[in-house]
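Q: What follows is protein-v5.pdb; its format and atoms are PDB, C-alpha atoms.
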```pdb
ATOM      1  CA  MET B  22      32.683   6.705  60.294
ATOM      2  CA  ASP B  23      34.085   6.070  56.830
ATOM      3  CA  VAL B  24      31.825   5.312  53.861
ATOM      4  CA  LEU B  25      32.658   1.590  53.644
ATOM      5  CA  SER B  26      31.912   1.104  57.341
ATOM      6  CA  LEU B  27      28.637   2.973  56.927
ATOM      7  CA  ILE B  28      27.636   0.778  53.982
ATOM      8  CA  PHE B  29      28.609  -2.425  55.795
ATOM      9  CA  LEU B  30      26.739  -1.394  58.955
ATOM     10  CA  SER B  31      23.632  -0.453  56.942
ATOM     11  CA  LEU B  32      23.655  -3.810  55.139
ATOM     12  CA  TRP B  33      24.212  -5.636  58.441
ATOM     13  CA  ILE B  34      21.222  -3.952  60.037
ATOM     14  CA  MET B  35      18.925  -4.530  57.063
ATOM     15  CA  LEU B  36      19.912  -8.088  56.107
ATOM     16  CA  PRO B  37      17.096  -9.649  58.186
ATOM     17  CA  ALA B  38      14.692  -7.412  56.209
ATOM     18  CA  TYR B  39      16.353  -7.982  52.812
ATOM     19  CA  ILE B  40      16.351 -11.786  52.991
ATOM     20  CA  PRO B  41      12.589 -12.458  53.443
ATOM     21  CA  ASN B  42      11.482 -11.135  50.047
ATOM     22  CA  ASN B  43      14.108 -13.125  48.211
ATOM     23  CA  ALA B  44      13.359 -16.306  50.142
ATOM     24  CA  ALA B  45       9.618 -15.816  49.582
ATOM     25  CA  ALA B  46      10.205 -15.592  45.827
ATOM     26  CA  ILE B  47      12.422 -18.690  45.784
ATOM     27  CA  PHE B  48      10.367 -20.901  48.098
ATOM     28  CA  GLY B  49       6.899 -19.461  47.445
ATOM     29  CA  GLY B  50       4.018 -20.973  45.564
ATOM     30  CA  GLY B  51       0.947 -22.745  46.739
ATOM     31  CA  THR B  52      -1.955 -21.119  48.518
ATOM     32  CA  PRO B  53      -2.153 -17.341  48.048
ATOM     33  CA  LEU B  54      -1.910 -15.306  51.231
ATOM     34  CA  ASP B  55      -5.173 -13.533  50.370
ATOM     35  CA  LEU B  56      -6.920 -16.907  49.893
ATOM     36  CA  ARG B  57      -8.121 -15.501  46.528
ATOM     37  CA  TYR B  58     -10.397 -12.948  48.196
ATOM     38  CA  SER B  59     -11.224  -9.786  46.273
ATOM     39  CA  TRP B  60     -12.129  -6.256  47.224
ATOM     40  CA  ARG B  61     -13.904  -3.874  44.860
ATOM     41  CA  GLY B  62     -13.412  -6.331  42.023
ATOM     42  CA  ASN B  63      -9.666  -6.825  42.503
ATOM     43  CA  ARG B  64      -7.702  -9.468  44.358
ATOM     44  CA  LEU B  65      -6.382  -8.298  47.716
ATOM     45  CA  LEU B  66      -2.772  -9.320  47.042
ATOM     46  CA  GLY B  67      -2.681 -11.669  44.057
ATOM     47  CA  ASP B  68      -1.002 -15.002  43.455
ATOM     48  CA  GLY B  69       2.515 -13.683  44.053
ATOM     49  CA  LYS B  70       2.098 -13.525  47.826
ATOM     50  CA  THR B  71       1.713 -17.031  49.242
ATOM     51  CA  ILE B  72       1.510 -18.619  52.649
ATOM     52  CA  ARG B  73       4.512 -20.865  51.951
ATOM     53  CA  GLY B  74       6.505 -17.903  50.618
ATOM     54  CA  SER B  75       5.671 -15.801  53.664
ATOM     55  CA  VAL B  76       6.588 -18.534  56.152
ATOM     56  CA  SER B  77       9.793 -19.249  54.234
ATOM     57  CA  GLY B  78      10.702 -15.575  53.981
ATOM     58  CA  ILE B  79      10.172 -14.885  57.660
ATOM     59  CA  SER B  80      12.065 -18.056  58.603
ATOM     60  CA  PHE B  81      15.076 -17.140  56.472
ATOM     61  CA  GLY B  82      15.036 -13.574  57.816
ATOM     62  CA  ILE B  83      15.124 -14.961  61.345
ATOM     63  CA  LEU B  84      17.949 -17.356  60.448
ATOM     64  CA  ALA B  85      19.933 -14.519  58.892
ATOM     65  CA  ALA B  86      19.612 -12.423  62.059
ATOM     66  CA  LEU B  87      20.608 -15.361  64.256
ATOM     67  CA  LEU B  88      23.665 -15.952  62.058
ATOM     68  CA  LEU B  89      24.569 -12.275  62.315
ATOM     69  CA  ASN B  90      24.241 -12.450  66.097
ATOM     70  CA  ALA B  91      26.455 -15.551  66.180
ATOM     71  CA  THR B  92      29.194 -13.858  64.129
ATOM     72  CA  ASN B  93      28.881 -10.439  65.759
ATOM     73  CA  GLN B  94      31.827 -10.597  68.186
ATOM     74  CA  PRO B  95      34.463 -11.932  65.792
ATOM     75  CA  LEU B  96      33.415  -9.593  62.979
ATOM     76  CA  SER B  97      33.238  -6.574  65.265
ATOM     77  CA  SER B  98      36.807  -7.301  66.385
ATOM     78  CA  ILE B  99      38.129  -7.928  62.878
ATOM     79  CA  LEU B 100      36.460  -4.843  61.408
ATOM     80  CA  SER B 101      36.961  -2.592  64.463
ATOM     81  CA  LEU B 102      33.312  -1.696  64.089
ATOM     82  CA  GLU B 103      30.570  -1.989  66.691
ATOM     83  CA  LEU B 104      27.902  -4.157  65.086
ATOM     84  CA  PRO B 105      24.477  -4.284  66.719
ATOM     85  CA  ILE B 106      22.988  -7.429  68.219
ATOM     86  CA  PHE B 107      19.443  -8.247  67.133
ATOM     87  CA  PRO B 108      17.078  -8.904  70.060
ATOM     88  CA  VAL B 109      14.167 -11.275  69.321
ATOM     89  CA  VAL B 110      11.622  -8.451  68.897
ATOM     90  CA  VAL B 111      13.929  -6.722  66.408
ATOM     91  CA  ILE B 112      14.473  -9.941  64.466
ATOM     92  CA  LEU B 113      10.732 -10.498  64.196
ATOM     93  CA  SER B 114      10.016  -6.845  63.367
ATOM     94  CA  LEU B 115      12.527  -6.719  60.530
ATOM     95  CA  SER B 116      11.560 -10.092  59.035
ATOM     96  CA  ILE B 117       7.787  -9.781  59.359
ATOM     97  CA  GLY B 118       7.743  -6.044  58.601
ATOM     98  CA  SER B 119       9.589  -6.664  55.359
ATOM     99  CA  LEU B 120       6.850  -8.937  54.060
ATOM    100  CA  LEU B 121       4.100  -6.697  55.465
ATOM    101  CA  GLY B 122       5.519  -3.747  53.537
ATOM    102  CA  ASP B 123       5.670  -5.819  50.370
ATOM    103  CA  ALA B 124       2.097  -7.048  50.910
ATOM    104  CA  MET B 125       0.852  -3.493  51.478
ATOM    105  CA  ALA B 126       2.413  -2.402  48.178
ATOM    106  CA  SER B 127       0.733  -5.360  46.455
ATOM    107  CA  PHE B 128      -2.580  -4.417  48.051
ATOM    108  CA  LEU B 129      -2.170  -0.834  46.821
ATOM    109  CA  LYS B 130      -1.299  -1.975  43.309
ATOM    110  CA  ARG B 131      -4.161  -4.505  43.165
ATOM    111  CA  SER B 132      -6.700  -1.978  44.473
ATOM    112  CA  LEU B 133      -5.580   0.459  41.772
ATOM    113  CA  GLY B 134      -6.021  -2.274  39.160
ATOM    114  CA  ILE B 135      -2.290  -2.518  38.455
ATOM    115  CA  SER B 136      -1.458  -6.036  37.332
ATOM    116  CA  ARG B 137       1.123  -8.291  38.922
ATOM    117  CA  GLY B 138       4.627  -7.720  37.608
ATOM    118  CA  THR B 139       4.019  -4.077  36.694
ATOM    119  CA  SER B 140       6.731  -1.975  38.247
ATOM    120  CA  ILE B 141       6.132   1.229  40.168
ATOM    121  CA  PRO B 142       9.580   2.784  40.632
ATOM    122  CA  LEU B 143      10.673   3.225  44.245
ATOM    123  CA  LEU B 144       7.462   1.676  45.633
ATOM    124  CA  ASP B 145       8.607  -1.768  44.515
ATOM    125  CA  GLN B 146      12.168  -1.177  45.685
ATOM    126  CA  LEU B 147      11.436   0.371  49.075
ATOM    127  CA  ASP B 148       8.125  -1.140  50.228
ATOM    128  CA  PHE B 149       9.785  -3.837  52.311
ATOM    129  CA  VAL B 150      12.258  -1.367  53.833
ATOM    130  CA  VAL B 151       9.485   0.996  54.869
ATOM    131  CA  GLY B 152       7.414  -1.895  56.246
ATOM    132  CA  SER B 153      10.279  -3.306  58.280
ATOM    133  CA  LEU B 154      11.390   0.063  59.624
ATOM    134  CA  LEU B 155       7.866   1.149  60.567
ATOM    135  CA  LEU B 156       7.162  -2.118  62.385
ATOM    136  CA  LEU B 157      10.555  -1.874  64.093
ATOM    137  CA  LEU B 158       9.835   1.714  65.152
ATOM    138  CA  PHE B 159       6.475   0.648  66.580
ATOM    139  CA  ILE B 160       7.698  -2.539  68.328
ATOM    140  CA  SER B 161      11.162  -1.492  69.472
ATOM    141  CA  PRO B 162      11.579   2.300  69.335
ATOM    142  CA  ASN B 163      14.598   2.291  71.670
ATOM    143  CA  TRP B 164      16.576  -0.092  69.433
ATOM    144  CA  PHE B 165      15.435   1.849  66.367
ATOM    145  CA  PHE B 166      16.710   5.212  67.624
ATOM    146  CA  GLU B 167      19.871   3.794  69.223
ATOM    147  CA  THR B 168      20.856   1.895  66.084
ATOM    148  CA  LEU B 169      19.470   3.689  63.057
ATOM    149  CA  THR B 170      21.243   7.021  62.840
ATOM    150  CA  LEU B 171      20.366   9.477  60.086
ATOM    151  CA  PRO B 172      23.459   8.549  57.999
ATOM    152  CA  ILE B 173      22.516   4.854  58.269
ATOM    153  CA  LEU B 174      18.907   5.544  57.233
ATOM    154  CA  ILE B 175      20.041   7.649  54.277
ATOM    155  CA  THR B 176      22.471   4.921  53.223
ATOM    156  CA  ILE B 177      19.725   2.282  53.435
ATOM    157  CA  PHE B 178      17.356   4.341  51.288
ATOM    158  CA  ILE B 179      20.065   5.058  48.693
ATOM    159  CA  LEU B 180      21.510   1.528  48.477
ATOM    160  CA  THR B 181      18.308  -0.501  48.595
ATOM    161  CA  PRO B 182      16.886   0.348  45.146
ATOM    162  CA  PHE B 183      20.183  -0.616  43.492
ATOM    163  CA  LEU B 184      20.493  -3.825  45.514
ATOM    164  CA  HIS B 185      16.845  -4.701  44.888
ATOM    165  CA  LEU B 186      17.152  -4.218  41.141
ATOM    166  CA  SER B 187      20.406  -6.212  41.004
ATOM    167  CA  ILE B 188      18.922  -9.137  42.943
ATOM    168  CA  ASN B 189      15.776  -9.089  40.790
ATOM    169  CA  ILE B 190      17.813  -9.177  37.590
ATOM    170  CA  ILE B 191      19.708 -12.193  38.936
ATOM    171  CA  GLY B 192      16.399 -13.835  39.911
ATOM    172  CA  TYR B 193      15.046 -13.164  36.423
ATOM    173  CA  LEU B 194      18.148 -14.629  34.763
ATOM    174  CA  LEU B 195      17.860 -17.726  36.976
ATOM    175  CA  GLY B 196      14.179 -18.108  36.092
ATOM    176  CA  ILE B 197      12.960 -17.414  39.631
ATOM    177  CA  LYS B 198      11.250 -14.131  38.691
ATOM    178  CA  LYS B 199       9.089 -13.458  35.638
ATOM    179  CA  VAL B 200      10.212  -9.844  35.289
ATOM    180  CA  PRO B 201      13.630  -8.284  35.933
ATOM    181  CA  TRP B 202      12.365  -5.598  38.335
TER     182      TRP B 202
END
```
Would you give me this structure, written as structure tokens?
A:
Amino acid sequence: MDVLSLIFLSLWIMLPAYIPNNAAAIFGGGTPLDLRYSWRGNRLLGDGKTIRGSVSGISFGILAALLLNATNQPLSSILSLELPIFPVVVILSLSIGSLLGDAMASFLKRSLGISRGTSIPLLDQLDFVVGSLLLLLFISPNWFFETLTLPILITIFILTPFLHLSINIIGYLLGIKKVPW
């Protein structure tokens, strides 16, 4: 498989996990997901993780996967590349796992007393990838191992920090994010 095909396939597979965090940032606000509860003197997640943002993020991740499924056949033919179909459990695992991974990183940061918006390199760029892949591995191990080859996983882990930073800079410039990371 050539490099461009590998990159395209990796992005295709991860799009339902990439979309939720962006949609949560755009459509978030309102009631915090942690309902303002604290643990050991620190908020569980903080104000950045909201119920509306989570529902929006998961919904847009699901929509992205459904759109990919709908365009799978024509794109596979045009690109001469076998693109995977996303079964329902995979769609849910990628979309929900993405936000779970992000929430777990927020929990870790809050419990260490690290304030919202403070960047921890690689944790902030890969938390949602790790969350989505771990949930996918747990919920649908067959699809995981059939679809996510080692070259695809390596590509995902190399590309994601650059994509994440680029999207965050755009969000910052548009006034959606308070910090560019």
Q: Ranking B:Ser101, B:Thr176, B:Ser80, B:Ser140 by minimum distance to Asn189 in chain B and counting all atoms listed in the file, which one comes first?
A: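 Using all atoms listed in the file, Asn189 in chain B sits closest to B:Ser140.
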Q: Sort by chain and increasing residue number a table of all residues of range 90-147 of chain B within 7 Å of range 62-69 of chain B, each with its closest pair of atoms and their distance in Å to one decimal, counting only C-alpha atoms, and write it as a Markdown table.
A:
```
| residue | atom | partner | partner_atom | distance |
| --- | --- | --- | --- | --- |
| B:Ala124 | CA | B:Leu66 | CA | 6.6 |
| B:Ser127 | CA | B:Leu66 | CA | 5.3 |
| B:Phe128 | CA | B:Leu66 | CA | 5.0 |
| B:Arg131 | CA | B:Asn63 | CA | 6.0 |
| B:Ser132 | CA | B:Asn63 | CA | 6.0 |
| B:Gly134 | CA | B:Asn63 | CA | 6.7 |
```
Q: Find the residue from B:Pro182, B:Gly49, B:Gly138, B:Gly78 that sits nearest to Pro201 in chain B; use only C-alpha atoms when measuring.
A: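 So, comparing all the options, the nearest one is B:Gly138.
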Q: For each of B:Ser116, B:Ile179, B:Ile28, B:Leu121, take the minimum atom-to-atom distance to Gly152 in chain B, counting only C-alpha atoms, then give the residue where this is smallest.
A: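 Residue with the minimum atom-to-atom distance to Gly152 in chain B: B:Leu121.
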Q: What's the separation between CA of Asp148 in chain B and CA of Gly122 in chain B, in Å to one decimal place?
A: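 Between these atoms lies a distance of 5.0 Å.
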Q: Run through the PyMOL selection byres ((chain B and resi 30-41) around 8) on the given coordinates and return the selected residues as number ranges by chain.
A: B: 26-29, 42-45, 75, 77-83, 85-86, 89, 104-105, 112, 115-120, 149-150, 153, 173-174, 176-177
Q: Within 8 Å of range 107-111 of chain B, counting all atoms listed in the file, which residues qualify if same-chain residues fewer than 4 places away don't, as a PyMOL selection string?
A: chain B and resi 86-87+90+115+157+160-161+164
Q: Between B:Leu154, B:Val200, B:Ala91, B:Leu133, which residue has the minimum interatomic distance to Leu113 in chain B, considering all atoms listed in the file?
A: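 Among the listed residues, the smallest separation from Leu113 in chain B belongs to B:Leu154.
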